[in-house]
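Visitor: Please find model26.cif (mmCIF, C-alpha atoms) on the next line:
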```cif
data_structure
#
loop_
_atom_site.group_PDB
_atom_site.id
_atom_site.type_symbol
_atom_site.label_atom_id
_atom_site.label_comp_id
_atom_site.auth_asym_id
_atom_site.auth_seq_id
_atom_site.Cartn_x
_atom_site.Cartn_y
_atom_site.Cartn_z
ATOM 1 C CA MET A 19 0.461 -1.764 -2.537
ATOM 2 C CA ASN A 20 -1.800 -2.221 -5.549
ATOM 3 C CA ASP A 21 -5.191 -3.958 -5.574
ATOM 4 C CA ARG A 22 -3.768 -7.226 -6.916
ATOM 5 C CA GLN A 23 -1.107 -7.414 -4.221
ATOM 6 C CA ARG A 24 -3.659 -6.559 -1.543
ATOM 7 C CA GLU A 25 -5.957 -9.300 -2.862
ATOM 8 C CA ILE A 26 -3.103 -11.824 -2.776
ATOM 9 C CA GLU A 27 -2.139 -10.975 0.766
ATOM 10 C CA THR A 28 -5.641 -10.922 2.234
ATOM 11 C CA ASN A 29 -6.421 -14.186 0.448
ATOM 12 C CA LEU A 30 -3.229 -15.709 1.844
ATOM 13 C CA GLN A 31 -4.217 -14.841 5.410
ATOM 14 C CA PHE A 32 -7.616 -16.463 4.861
ATOM 15 C CA PHE A 33 -6.036 -19.470 3.143
ATOM 16 C CA LEU A 34 -3.553 -20.085 5.960
ATOM 17 C CA HIS A 35 -6.422 -20.001 8.452
ATOM 18 C CA GLU A 36 -8.301 -22.611 6.431
ATOM 19 C CA LEU A 37 -5.272 -24.720 5.492
ATOM 20 C CA PRO A 38 -5.431 -27.285 8.316
ATOM 21 C CA LYS A 39 -8.980 -28.203 7.254
ATOM 22 C CA LEU A 40 -8.049 -28.406 3.562
ATOM 23 C CA LEU A 41 -5.013 -30.673 3.802
ATOM 24 C CA SER A 42 -6.817 -33.951 4.376
ATOM 25 C CA ILE A 43 -8.892 -33.680 1.189
ATOM 26 C CA HIS A 44 -7.117 -31.281 -1.147
ATOM 27 C CA ARG A 45 -3.408 -31.732 -0.409
ATOM 28 C CA GLY A 46 -1.301 -30.867 -3.435
ATOM 29 C CA LYS A 47 -4.142 -29.179 -5.312
ATOM 30 C CA PHE A 48 -4.182 -25.499 -6.239
ATOM 31 C CA ALA A 49 -6.896 -23.339 -4.703
ATOM 32 C CA LEU A 50 -8.348 -20.415 -6.631
ATOM 33 C CA LEU A 51 -9.257 -17.617 -4.220
ATOM 34 C CA ARG A 52 -11.188 -14.397 -4.609
ATOM 35 C CA HIS A 53 -12.160 -11.928 -1.905
ATOM 36 C CA ARG A 54 -11.196 -14.280 0.941
ATOM 37 C CA LYS A 55 -13.205 -17.157 -0.464
ATOM 38 C CA ILE A 56 -12.086 -20.391 -2.111
ATOM 39 C CA GLU A 57 -13.731 -20.668 -5.514
ATOM 40 C CA GLY A 58 -12.352 -24.047 -6.532
ATOM 41 C CA PHE A 59 -9.515 -26.558 -6.499
ATOM 42 C CA TYR A 60 -7.437 -27.523 -9.533
ATOM 43 C CA ASP A 61 -4.855 -30.178 -10.303
ATOM 44 C CA THR A 62 -2.368 -27.731 -11.820
ATOM 45 C CA VAL A 63 -1.449 -24.136 -11.158
ATOM 46 C CA THR A 64 -1.889 -23.402 -14.865
ATOM 47 C CA ASP A 65 -5.505 -24.585 -14.765
ATOM 48 C CA ALA A 66 -6.209 -22.454 -11.698
ATOM 49 C CA VAL A 67 -4.662 -19.316 -13.210
ATOM 50 C CA GLN A 68 -6.394 -19.791 -16.554
ATOM 51 C CA THR A 69 -9.729 -20.212 -14.803
ATOM 52 C CA GLY A 70 -9.149 -17.077 -12.737
ATOM 53 C CA ASN A 71 -8.232 -15.068 -15.813
ATOM 54 C CA LYS A 72 -11.334 -16.326 -17.592
ATOM 55 C CA LEU A 73 -13.760 -15.683 -14.738
ATOM 56 C CA TYR A 74 -12.552 -12.352 -13.379
ATOM 57 C CA ASP A 75 -11.958 -9.451 -15.730
ATOM 58 C CA ASP A 76 -10.521 -7.355 -12.898
ATOM 59 C CA LYS A 77 -7.889 -10.086 -12.301
ATOM 60 C CA LEU A 78 -8.467 -9.853 -8.559
ATOM 61 C CA PHE A 79 -7.804 -13.424 -7.549
ATOM 62 C CA SER A 80 -4.936 -15.515 -6.306
ATOM 63 C CA VAL A 81 -3.803 -19.114 -6.388
ATOM 64 C CA GLN A 82 -2.390 -21.032 -3.423
ATOM 65 C CA GLN A 83 -1.159 -24.597 -3.312
ATOM 66 C CA VAL A 84 -2.659 -26.713 -0.563
ATOM 67 C CA THR A 85 0.515 -27.737 1.192
ATOM 68 C CA ASP A 86 2.095 -27.451 4.586
ATOM 69 C CA MET A 87 5.583 -27.973 3.163
ATOM 70 C CA GLY A 88 7.842 -25.087 2.273
ATOM 71 C CA THR A 89 9.764 -25.208 -0.986
ATOM 72 C CA ASP A 90 13.311 -26.296 -0.223
ATOM 73 C CA LEU A 91 15.923 -24.148 -1.918
ATOM 74 C CA GLY A 92 18.772 -26.230 -0.546
ATOM 75 C CA TYR A 93 21.880 -24.255 0.245
ATOM 76 C CA TYR A 94 20.107 -21.030 -0.593
ATOM 77 C CA SER A 95 17.411 -21.647 2.028
ATOM 78 C CA HIS A 96 20.045 -21.891 4.718
ATOM 79 C CA ALA A 97 22.430 -19.239 3.521
ATOM 80 C CA VAL A 98 20.164 -16.287 2.945
ATOM 81 C CA HIS A 99 17.713 -14.428 5.117
ATOM 82 C CA LEU A 100 14.487 -14.860 3.177
ATOM 83 C CA GLY A 101 12.154 -12.363 4.781
ATOM 84 C CA HIS A 102 9.332 -12.350 7.266
ATOM 85 C CA SER A 103 7.600 -15.501 8.477
ATOM 86 C CA GLN A 104 3.827 -15.782 8.283
ATOM 87 C CA MET B 26 16.555 -31.415 -29.397
ATOM 88 C CA PRO B 27 18.044 -28.030 -28.376
ATOM 89 C CA CYS B 28 21.345 -28.215 -26.509
ATOM 90 C CA ILE B 29 22.923 -25.423 -24.478
ATOM 91 C CA TRP B 30 26.684 -25.485 -23.914
ATOM 92 C CA GLY B 31 28.873 -23.512 -21.551
ATOM 93 C CA THR B 32 31.750 -23.530 -19.146
ATOM 94 C CA HIS B 33 31.808 -23.817 -15.373
ATOM 95 C CA ASN B 34 34.347 -22.750 -12.799
ATOM 96 C CA ARG B 35 34.349 -26.078 -10.907
ATOM 97 C CA SER B 36 32.424 -24.359 -8.140
ATOM 98 C CA GLN B 37 29.256 -22.923 -9.662
ATOM 99 C CA ILE B 38 27.453 -22.984 -12.979
ATOM 100 C CA PHE B 39 25.993 -19.799 -14.381
ATOM 101 C CA LEU B 40 24.167 -19.315 -17.651
ATOM 102 C CA ASP B 41 22.060 -16.631 -19.278
ATOM 103 C CA VAL B 42 18.341 -17.222 -19.520
ATOM 104 C CA ALA B 43 15.246 -15.316 -20.541
ATOM 105 C CA ILE B 44 12.123 -15.374 -18.417
ATOM 106 C CA ILE B 45 8.875 -15.260 -20.378
ATOM 107 C CA ASP B 46 5.431 -14.720 -18.868
ATOM 108 C CA ALA B 47 3.454 -17.960 -19.215
ATOM 109 C CA ALA B 48 0.440 -15.982 -20.440
ATOM 110 C CA THR B 49 2.584 -14.559 -23.237
ATOM 111 C CA VAL B 50 3.762 -17.985 -24.328
ATOM 112 C CA ALA B 51 0.206 -19.322 -24.274
ATOM 113 C CA ASN B 52 -0.962 -16.553 -26.600
ATOM 114 C CA VAL B 53 1.873 -16.626 -29.122
ATOM 115 C CA THR B 54 2.164 -18.795 -32.186
ATOM 116 C CA PRO B 55 5.788 -19.927 -32.337
ATOM 117 C CA GLY B 56 7.723 -18.631 -35.324
ATOM 118 C CA PRO B 57 10.256 -16.051 -36.459
ATOM 119 C CA ASN B 58 7.704 -13.233 -36.456
ATOM 120 C CA ALA B 59 6.468 -13.677 -32.920
ATOM 121 C CA PRO B 60 7.108 -10.066 -31.826
ATOM 122 C CA VAL B 61 6.931 -10.337 -28.078
ATOM 123 C CA LEU B 62 9.594 -13.023 -27.987
ATOM 124 C CA GLN B 63 12.198 -11.172 -30.010
ATOM 125 C CA ASN B 64 15.290 -10.087 -28.139
ATOM 126 C CA PRO B 65 14.054 -10.706 -24.601
ATOM 127 C CA PRO B 66 16.334 -9.421 -21.837
ATOM 128 C CA LEU B 67 18.748 -12.024 -20.505
ATOM 129 C CA PHE B 68 19.337 -12.681 -16.841
ATOM 130 C CA LYS B 69 22.212 -14.441 -15.110
ATOM 131 C CA ALA B 70 21.045 -17.753 -13.648
ATOM 132 C CA LEU B 71 22.738 -19.947 -11.066
ATOM 133 C CA VAL B 72 22.107 -23.640 -11.671
ATOM 134 C CA ASP B 73 21.119 -25.170 -8.332
ATOM 135 C CA THR B 74 20.222 -28.850 -8.187
ATOM 136 C CA GLY B 75 19.518 -28.421 -4.472
ATOM 137 C CA ALA B 76 16.619 -26.059 -5.137
ATOM 138 C CA GLN B 77 13.223 -27.636 -5.700
ATOM 139 C CA SER B 78 11.886 -24.638 -7.609
ATOM 140 C CA THR B 79 13.172 -21.923 -9.883
ATOM 141 C CA MET B 80 13.217 -18.483 -8.283
ATOM 142 C CA ILE B 81 13.524 -15.019 -9.766
ATOM 143 C CA SER B 82 14.715 -11.712 -8.368
ATOM 144 C CA PRO B 83 12.492 -8.643 -8.004
ATOM 145 C CA ASN B 84 14.503 -7.202 -10.911
ATOM 146 C CA VAL B 85 13.270 -9.967 -13.223
ATOM 147 C CA ALA B 86 9.667 -9.556 -12.120
ATOM 148 C CA THR B 87 9.812 -5.795 -12.664
ATOM 149 C CA THR B 88 11.722 -5.881 -15.948
ATOM 150 C CA MET B 89 9.413 -8.488 -17.465
ATOM 151 C CA GLY B 90 6.245 -6.971 -15.995
ATOM 152 C CA LEU B 91 5.243 -10.250 -14.387
ATOM 153 C CA THR B 92 2.033 -10.295 -12.364
ATOM 154 C CA PRO B 93 2.092 -12.271 -9.115
ATOM 155 C CA ILE B 94 -0.508 -15.026 -8.932
ATOM 156 C CA GLY B 95 -0.210 -15.886 -5.264
ATOM 157 C CA GLN B 96 2.424 -16.605 -2.678
ATOM 158 C CA ILE B 97 4.718 -19.589 -2.331
ATOM 159 C CA PRO B 98 6.094 -20.911 0.970
ATOM 160 C CA ILE B 99 9.870 -21.089 1.100
ATOM 161 C CA GLN B 100 11.571 -23.260 3.685
ATOM 162 C CA GLY B 101 14.074 -21.351 5.758
ATOM 163 C CA VAL B 102 16.426 -22.411 8.493
ATOM 164 C CA GLY B 103 14.748 -24.946 10.795
ATOM 165 C CA PRO B 104 10.967 -24.952 10.787
ATOM 166 C CA SER B 105 10.573 -21.366 9.605
ATOM 167 C CA VAL B 106 8.651 -20.737 6.398
ATOM 168 C CA THR B 107 8.379 -17.417 4.596
ATOM 169 C CA TYR B 108 5.887 -16.500 1.897
ATOM 170 C CA HIS B 109 7.014 -14.860 -1.323
ATOM 171 C CA ASN B 110 5.184 -13.619 -4.389
ATOM 172 C CA ALA B 111 4.795 -16.428 -6.930
ATOM 173 C CA TYR B 112 4.703 -16.187 -10.712
ATOM 174 C CA LEU B 113 3.955 -18.468 -13.639
ATOM 175 C CA PHE B 114 6.624 -18.223 -16.332
ATOM 176 C CA HIS B 115 8.805 -20.104 -18.786
ATOM 177 C CA VAL B 116 12.586 -20.294 -18.820
ATOM 178 C CA ALA B 117 14.041 -19.689 -22.278
ATOM 179 C CA PHE B 118 17.476 -19.763 -23.864
ATOM 180 C CA VAL B 119 18.584 -17.326 -26.548
ATOM 181 C CA ILE B 120 21.208 -18.724 -28.873
ATOM 182 C CA PRO B 121 23.108 -16.749 -31.561
ATOM 183 C CA LEU B 122 22.958 -18.289 -35.008
ATOM 184 C CA LEU B 123 26.644 -18.427 -35.935
ATOM 185 C CA HIS B 124 28.858 -20.817 -37.804
ATOM 186 C CA MET B 125 32.583 -21.385 -37.436
ATOM 187 C CA GLY B 126 34.582 -18.459 -38.785
ATOM 188 C CA GLN B 127 31.597 -16.129 -39.123
ATOM 189 C CA PRO B 128 32.528 -12.569 -38.085
ATOM 190 C CA ILE B 129 30.349 -11.024 -35.387
ATOM 191 C CA PRO B 130 29.016 -7.640 -36.531
ATOM 192 C CA ALA B 131 29.952 -4.633 -34.394
ATOM 193 C CA GLY B 132 27.141 -3.684 -32.057
ATOM 194 C CA GLY B 133 25.464 -7.058 -32.316
ATOM 195 C CA GLY B 134 23.073 -7.776 -35.131
ATOM 196 C CA VAL B 135 23.566 -11.510 -34.948
ATOM 197 C CA ARG B 136 20.404 -13.473 -35.606
ATOM 198 C CA THR B 137 19.251 -15.453 -32.622
ATOM 199 C CA VAL B 138 16.867 -18.266 -31.946
ATOM 200 C CA ILE B 139 14.854 -18.672 -28.758
ATOM 201 C CA PHE B 140 14.280 -22.055 -27.171
ATOM 202 C CA ILE B 141 11.550 -22.096 -24.558
ATOM 203 C CA LEU B 142 11.633 -24.795 -21.924
ATOM 204 C CA PRO B 143 8.183 -26.403 -22.250
ATOM 205 C CA PRO B 144 6.921 -26.696 -18.678
ATOM 206 C CA ALA B 145 5.488 -23.554 -17.127
ATOM 207 C CA ILE B 146 7.407 -22.820 -13.946
ATOM 208 C CA TYR B 147 5.598 -21.883 -10.739
ATOM 209 C CA GLY B 148 8.365 -19.961 -9.042
ATOM 210 C CA GLY B 149 8.788 -17.419 -6.317
ATOM 211 C CA GLU B 150 10.557 -14.127 -5.892
ATOM 212 C CA ILE B 151 13.716 -13.946 -3.817
ATOM 213 C CA THR B 152 16.577 -11.549 -3.545
ATOM 214 C CA SER B 153 19.820 -13.147 -4.614
ATOM 215 C CA ALA B 154 22.779 -13.144 -2.278
ATOM 216 C CA GLY B 155 24.862 -10.111 -3.132
ATOM 217 C CA GLY B 156 22.964 -9.587 -6.348
ATOM 218 C CA THR B 157 25.266 -12.012 -8.143
ATOM 219 C CA PHE B 158 22.439 -13.586 -10.114
ATOM 220 C CA ASP B 159 18.801 -12.928 -11.002
ATOM 221 C CA VAL B 160 17.503 -16.467 -11.457
ATOM 222 C CA LEU B 161 17.975 -19.525 -9.277
ATOM 223 C CA LEU B 162 17.483 -22.339 -11.777
ATOM 224 C CA GLY B 163 15.989 -25.177 -9.745
ATOM 225 C CA MET B 164 15.124 -28.791 -10.347
ATOM 226 C CA ASP B 165 11.697 -28.007 -11.820
ATOM 227 C CA ALA B 166 13.538 -26.549 -14.814
ATOM 228 C CA ILE B 167 16.655 -28.743 -14.799
ATOM 229 C CA ALA B 168 14.644 -31.968 -14.662
ATOM 230 C CA ALA B 169 12.814 -30.965 -17.846
ATOM 231 C CA GLY B 170 15.931 -31.957 -19.762
ATOM 232 C CA SER B 171 19.312 -33.639 -19.443
ATOM 233 C CA PHE B 172 22.040 -31.788 -17.620
ATOM 234 C CA HIS B 173 25.659 -32.906 -17.884
ATOM 235 C CA VAL B 174 28.637 -31.483 -16.026
ATOM 236 C CA GLU B 175 31.994 -32.494 -17.450
ATOM 237 C CA GLY B 176 35.366 -32.665 -15.772
ATOM 238 C CA ASN B 177 36.933 -30.579 -18.530
ATOM 239 C CA GLY B 178 35.122 -27.453 -17.293
ATOM 240 C CA THR B 179 32.120 -27.579 -19.581
ATOM 241 C CA PHE B 180 28.444 -28.342 -19.122
ATOM 242 C CA SER B 181 25.559 -29.034 -21.453
ATOM 243 C CA PHE B 182 21.801 -28.951 -21.092
ATOM 244 C CA SER B 183 19.560 -30.532 -23.675
ATOM 245 C CA PHE B 184 15.780 -30.612 -23.647
#
```
For this file, write the structure as structure tokens.
Guide:
Amino acid sequence: MNDRQREIETNLQFFLHELPKLLSIHRGKFALLRHRKIEGFYDTVTDAVQTGNKLYDDKLFSVQQVTDMGTDLGYYSHAVHLGHSQ
Amino acid sequence: MPCIWGTHNRSQIFLDVAIIDAATVANVTPGPNAPVLQNPPLFKALVDTGAQSTMISPNVATTMGLTPIGQIPIQGVGPSVTYHNAYLFHVAFVIPLLHMGQPIPAGGGVRTVIFILPPAIYGGEITSAGGTFDVLLGMDAIAAGSFHVEGNGTFSFSF
């Protein structure tokens, strides 16, 4: 696992822990995370990624949408084993 | 307005698409000399109006050198949700520039034009069932244009 992937996964664990508190205010927004800390919220994923690329030369950041809804893939969601649950 | 045509088998609709890193598109001035957009690899896509988002296989991510930006929750059976690497990319269509009666040179060599679907797609990585396709083309891409399925076995997508 490379540094970027490790950053994404550790940030995700932190984000999921914080998610219940974030939903009431930031639902639907995109959170920019770095080193298990939320650096900001953005209206679009593009804005969040562009900000991360601009701020962090090492590219160690991740973006998570503030949502408690999984993306529905329709038939595919129900037909295929998708992996491990978090 | 670009228009893509094809045939369907009355059961599923497949088409070939290119997947372009959103960062690449943002940094390229459109035109015939845009080097990074020439002859991109094509991937088989299944059109799926039941899918909210467009998904790509690990093969696409690796081939195109895409960098994950986070993880996206995918709804599974019942209440289960799984998290998958997410990417920011564009879907593109590569069309040969031919006219009726024009011979196709051996080994290719036909000029092509690339149409990039404007909205950047925030899509996840999934493994396709049986490896039959590399891209699940969801409503975030389909709804960017007009998709028509005809009873004569053809479809068209304009955007």
Visitor: Produce a table with one row for each residue of chain A that has an atom at most 12 Å from any atom of chain B, each row naming the nearest atom pair and its distance in Å at one decimal; use all atoms listed in the file; arrange rows by chain and rising residue number; format as JSON lines.
Guide:
```
{"residue": "A:Asn20", "atom": "CA", "partner": "B:Thr92", "partner_atom": "CA", "distance": 11.2}
{"residue": "A:Asp21", "atom": "CA", "partner": "B:Pro93", "partner_atom": "CA", "distance": 11.6}
{"residue": "A:Arg22", "atom": "CA", "partner": "B:Pro93", "partner_atom": "CA", "distance": 8.0}
{"residue": "A:Gln23", "atom": "CA", "partner": "B:Pro93", "partner_atom": "CA", "distance": 7.6}
{"residue": "A:Arg24", "atom": "CA", "partner": "B:Gly95", "partner_atom": "CA", "distance": 10.6}
{"residue": "A:Glu25", "atom": "CA", "partner": "B:Gly95", "partner_atom": "CA", "distance": 9.1}
{"residue": "A:Ile26", "atom": "CA", "partner": "B:Gly95", "partner_atom": "CA", "distance": 5.6}
{"residue": "A:Glu27", "atom": "CA", "partner": "B:Gly95", "partner_atom": "CA", "distance": 8.0}
{"residue": "A:Thr28", "atom": "CA", "partner": "B:Gly95", "partner_atom": "CA", "distance": 10.5}
{"residue": "A:Asn29", "atom": "CA", "partner": "B:Gly95", "partner_atom": "CA", "distance": 8.6}
{"residue": "A:Leu30", "atom": "CA", "partner": "B:Gln96", "partner_atom": "CA", "distance": 7.3}
{"residue": "A:Gln31", "atom": "CA", "partner": "B:Gln96", "partner_atom": "CA", "distance": 10.6}
{"residue": "A:Phe33", "atom": "CA", "partner": "B:Gln96", "partner_atom": "CA", "distance": 10.7}
{"residue": "A:Leu34", "atom": "CA", "partner": "B:Tyr108", "partner_atom": "CA", "distance": 10.9}
{"residue": "A:Phe48", "atom": "CA", "partner": "B:Gly95", "partner_atom": "CA", "distance": 10.4}
{"residue": "A:Ala49", "atom": "CA", "partner": "B:Gly95", "partner_atom": "CA", "distance": 10.0}
{"residue": "A:Leu50", "atom": "CA", "partner": "B:Gly95", "partner_atom": "CA", "distance": 9.4}
{"residue": "A:Leu51", "atom": "CA", "partner": "B:Gly95", "partner_atom": "CA", "distance": 9.3}
{"residue": "A:Arg52", "atom": "CA", "partner": "B:Gly95", "partner_atom": "CA", "distance": 11.1}
{"residue": "A:Thr62", "atom": "CA", "partner": "B:Tyr147", "partner_atom": "CA", "distance": 9.9}
{"residue": "A:Val63", "atom": "CA", "partner": "B:Tyr147", "partner_atom": "CA", "distance": 7.4}
{"residue": "A:Thr64", "atom": "CA", "partner": "B:Ala145", "partner_atom": "CA", "distance": 7.7}
{"residue": "A:Asp65", "atom": "CA", "partner": "B:Ala145", "partner_atom": "CA", "distance": 11.3}
{"residue": "A:Ala66", "atom": "CA", "partner": "B:Ile94", "partner_atom": "CA", "distance": 9.8}
{"residue": "A:Val67", "atom": "CA", "partner": "B:Ile94", "partner_atom": "CA", "distance": 7.3}
{"residue": "A:Gln68", "atom": "CA", "partner": "B:Ala48", "partner_atom": "CA", "distance": 8.7}
{"residue": "A:Gly70", "atom": "CA", "partner": "B:Ile94", "partner_atom": "CA", "distance": 9.7}
{"residue": "A:Asn71", "atom": "CA", "partner": "B:Ala48", "partner_atom": "CA", "distance": 9.9}
{"residue": "A:Lys77", "atom": "CA", "partner": "B:Ile94", "partner_atom": "CA", "distance": 9.5}
{"residue": "A:Leu78", "atom": "CA", "partner": "B:Ile94", "partner_atom": "CA", "distance": 9.5}
{"residue": "A:Phe79", "atom": "CA", "partner": "B:Ile94", "partner_atom": "CA", "distance": 7.6}
{"residue": "A:Ser80", "atom": "CA", "partner": "B:Gly95", "partner_atom": "CA", "distance": 4.9}
{"residue": "A:Val81", "atom": "CA", "partner": "B:Gly95", "partner_atom": "CA", "distance": 5.0}
{"residue": "A:Gln82", "atom": "CA", "partner": "B:Gly95", "partner_atom": "CA", "distance": 5.9}
{"residue": "A:Gln83", "atom": "CA", "partner": "B:Ile97", "partner_atom": "CA", "distance": 7.8}
{"residue": "A:Val84", "atom": "CA", "partner": "B:Ile97", "partner_atom": "CA", "distance": 10.4}
{"residue": "A:Thr85", "atom": "CA", "partner": "B:Pro98", "partner_atom": "CA", "distance": 8.8}
{"residue": "A:Asp86", "atom": "CA", "partner": "B:Pro98", "partner_atom": "CA", "distance": 8.5}
{"residue": "A:Met87", "atom": "CA", "partner": "B:Pro98", "partner_atom": "CA", "distance": 7.4}
{"residue": "A:Gly88", "atom": "CA", "partner": "B:Gln100", "partner_atom": "CA", "distance": 4.4}
{"residue": "A:Thr89", "atom": "CA", "partner": "B:Ile99", "partner_atom": "CA", "distance": 4.6}
{"residue": "A:Asp90", "atom": "CA", "partner": "B:Gln100", "partner_atom": "CA", "distance": 5.2}
{"residue": "A:Leu91", "atom": "CA", "partner": "B:Ala76", "partner_atom": "CA", "distance": 3.8}
{"residue": "A:Gly92", "atom": "CA", "partner": "B:Gly75", "partner_atom": "CA", "distance": 4.6}
{"residue": "A:Tyr93", "atom": "CA", "partner": "B:Gly75", "partner_atom": "CA", "distance": 6.7}
{"residue": "A:Tyr94", "atom": "CA", "partner": "B:Ala76", "partner_atom": "CA", "distance": 7.6}
{"residue": "A:Ser95", "atom": "CA", "partner": "B:Gly101", "partner_atom": "CA", "distance": 5.0}
{"residue": "A:His96", "atom": "CA", "partner": "B:Val102", "partner_atom": "CA", "distance": 5.3}
{"residue": "A:Ala97", "atom": "CA", "partner": "B:Val102", "partner_atom": "CA", "distance": 8.4}
{"residue": "A:Val98", "atom": "CA", "partner": "B:Ala154", "partner_atom": "CA", "distance": 6.6}
{"residue": "A:His99", "atom": "CA", "partner": "B:Gly101", "partner_atom": "CA", "distance": 7.8}
{"residue": "A:Leu100", "atom": "CA", "partner": "B:Thr107", "partner_atom": "CA", "distance": 6.8}
{"residue": "A:Gly101", "atom": "CA", "partner": "B:Thr107", "partner_atom": "CA", "distance": 6.3}
{"residue": "A:His102", "atom": "CA", "partner": "B:Thr107", "partner_atom": "CA", "distance": 5.8}
{"residue": "A:Ser103", "atom": "CA", "partner": "B:Thr107", "partner_atom": "CA", "distance": 4.4}
{"residue": "A:Gln104", "atom": "CA", "partner": "B:Thr107", "partner_atom": "CA", "distance": 6.1}
```
Visitor: So how far away is atom CA of A:Pro38 from atom CA of A:Glu57, in Å?
Guide: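 Computing the Euclidean distance for atom CA of A:Glu57 and atom CA of A:Pro38 yields 17.4 Å.
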Visitor: Using atom CA of B:Ala43 and atom CA of B:Pro128 as the two end points, give the distance in Å to one decimal.
Guide: 24.8 Å
Visitor: Grab the atom CA of B:Thr157 to atom CA of B:Val72 distance for me, in Å with one decimal place.
Guide: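 Separating atom CA of B:Thr157 from atom CA of B:Val72 is a distance of 12.6 Å.
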Visitor: Any chance you could work out the residue set of the PyMOL selection byres ((chain B and resi 138) around 6) here, as a PyMOL selection string?
Guide: chain B and resi 119-120+137+139
Visitor: For B:Ala166, which of B:Leu67, B:Val50, B:Val116, B:Ile141 is the closest residue, counting only C-alpha atoms?
Guide: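 Of B:Leu67, B:Val50, B:Val116, B:Ile141, the one nearest B:Ala166, counting only C-alpha atoms, is B:Val116.
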Visitor: Need the axis-aligned box for stretch 57-60 of chain A with 8 Å each side, so what are the centre and edges in Å to one decimal, as AutoDock Vina command-line options?
Guide:
```
--center_x -10.6 --center_y -24.1 --center_z -7.5 --size_x 22.3 --size_y 22.9 --size_z 20.0
```
Visitor: With distances taken over all atoms listed in the file, which of B:Leu122, B:Ile45, B:Leu142, B:Val160 is nearest to B:Ala70?
Guide: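 Selected residue with least distance to B:Ala70: B:Val160.
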Visitor: Between B:Ile81, B:Cys28, B:Ala86, B:Leu91, which one has atoms that come closest to B:Ser181, using all atoms listed in the file?
Guide: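 When distances to B:Ser181 are compared using all atoms listed in the file, the smallest one comes from B:Cys28.
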Visitor: Go through A:Met19, A:Asp76, A:Asp61, A:Thr69 and flag the residue nearest A:Lys47, using all atoms listed in the file for the distances.
Guide: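 Using all atoms listed in the file, the shortest distance to A:Lys47 belongs to A:Asp61.
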Visitor: With only C-alpha atoms as the counted atoms, please give the residues lying no more than 7 Å from B:Ser183, apart from itself and same-chain residues fewer than 5 positions off, as a count of residues only.
Guide: 7
Visitor: Could you give me stretch 31-42 of chain A completed to N, CA and C atoms, formatted as a compact mmCIF listing (two decimals), keeping the file's coordinate frame?
Guide:
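Listed below is the output, result-v3.txt:
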```txt
# COMPACT_ATOMS: atom_id res chain seq x y z
N GLN A 31 -3.88 -14.76 3.98
CA GLN A 31 -4.22 -14.84 5.41
C GLN A 31 -5.42 -15.77 5.62
N PHE A 32 -6.43 -15.61 4.77
CA PHE A 32 -7.62 -16.46 4.86
C PHE A 32 -7.24 -17.92 4.58
N PHE A 33 -6.43 -18.12 3.55
CA PHE A 33 -6.04 -19.47 3.14
C PHE A 33 -5.27 -20.16 4.27
N LEU A 34 -4.35 -19.47 4.89
CA LEU A 34 -3.55 -20.08 5.96
C LEU A 34 -4.43 -20.46 7.15
N HIS A 35 -5.47 -19.68 7.39
CA HIS A 35 -6.42 -20.00 8.45
C HIS A 35 -7.19 -21.28 8.13
N GLU A 36 -7.51 -21.45 6.86
CA GLU A 36 -8.30 -22.61 6.43
C GLU A 36 -7.44 -23.84 6.15
N LEU A 37 -6.15 -23.65 5.98
CA LEU A 37 -5.27 -24.72 5.49
C LEU A 37 -5.37 -26.03 6.27
N PRO A 38 -5.36 -26.00 7.59
CA PRO A 38 -5.43 -27.28 8.32
C PRO A 38 -6.64 -28.13 7.92
N LYS A 39 -7.76 -27.47 7.64
CA LYS A 39 -8.98 -28.20 7.25
C LYS A 39 -8.89 -28.73 5.81
N LEU A 40 -8.11 -28.06 4.98
CA LEU A 40 -8.05 -28.41 3.56
C LEU A 40 -7.10 -29.57 3.27
N LEU A 41 -6.10 -29.74 4.12
CA LEU A 41 -5.01 -30.67 3.80
C LEU A 41 -5.49 -32.11 3.62
N SER A 42 -6.43 -32.54 4.43
CA SER A 42 -6.82 -33.95 4.38
C SER A 42 -7.49 -34.32 3.06
```
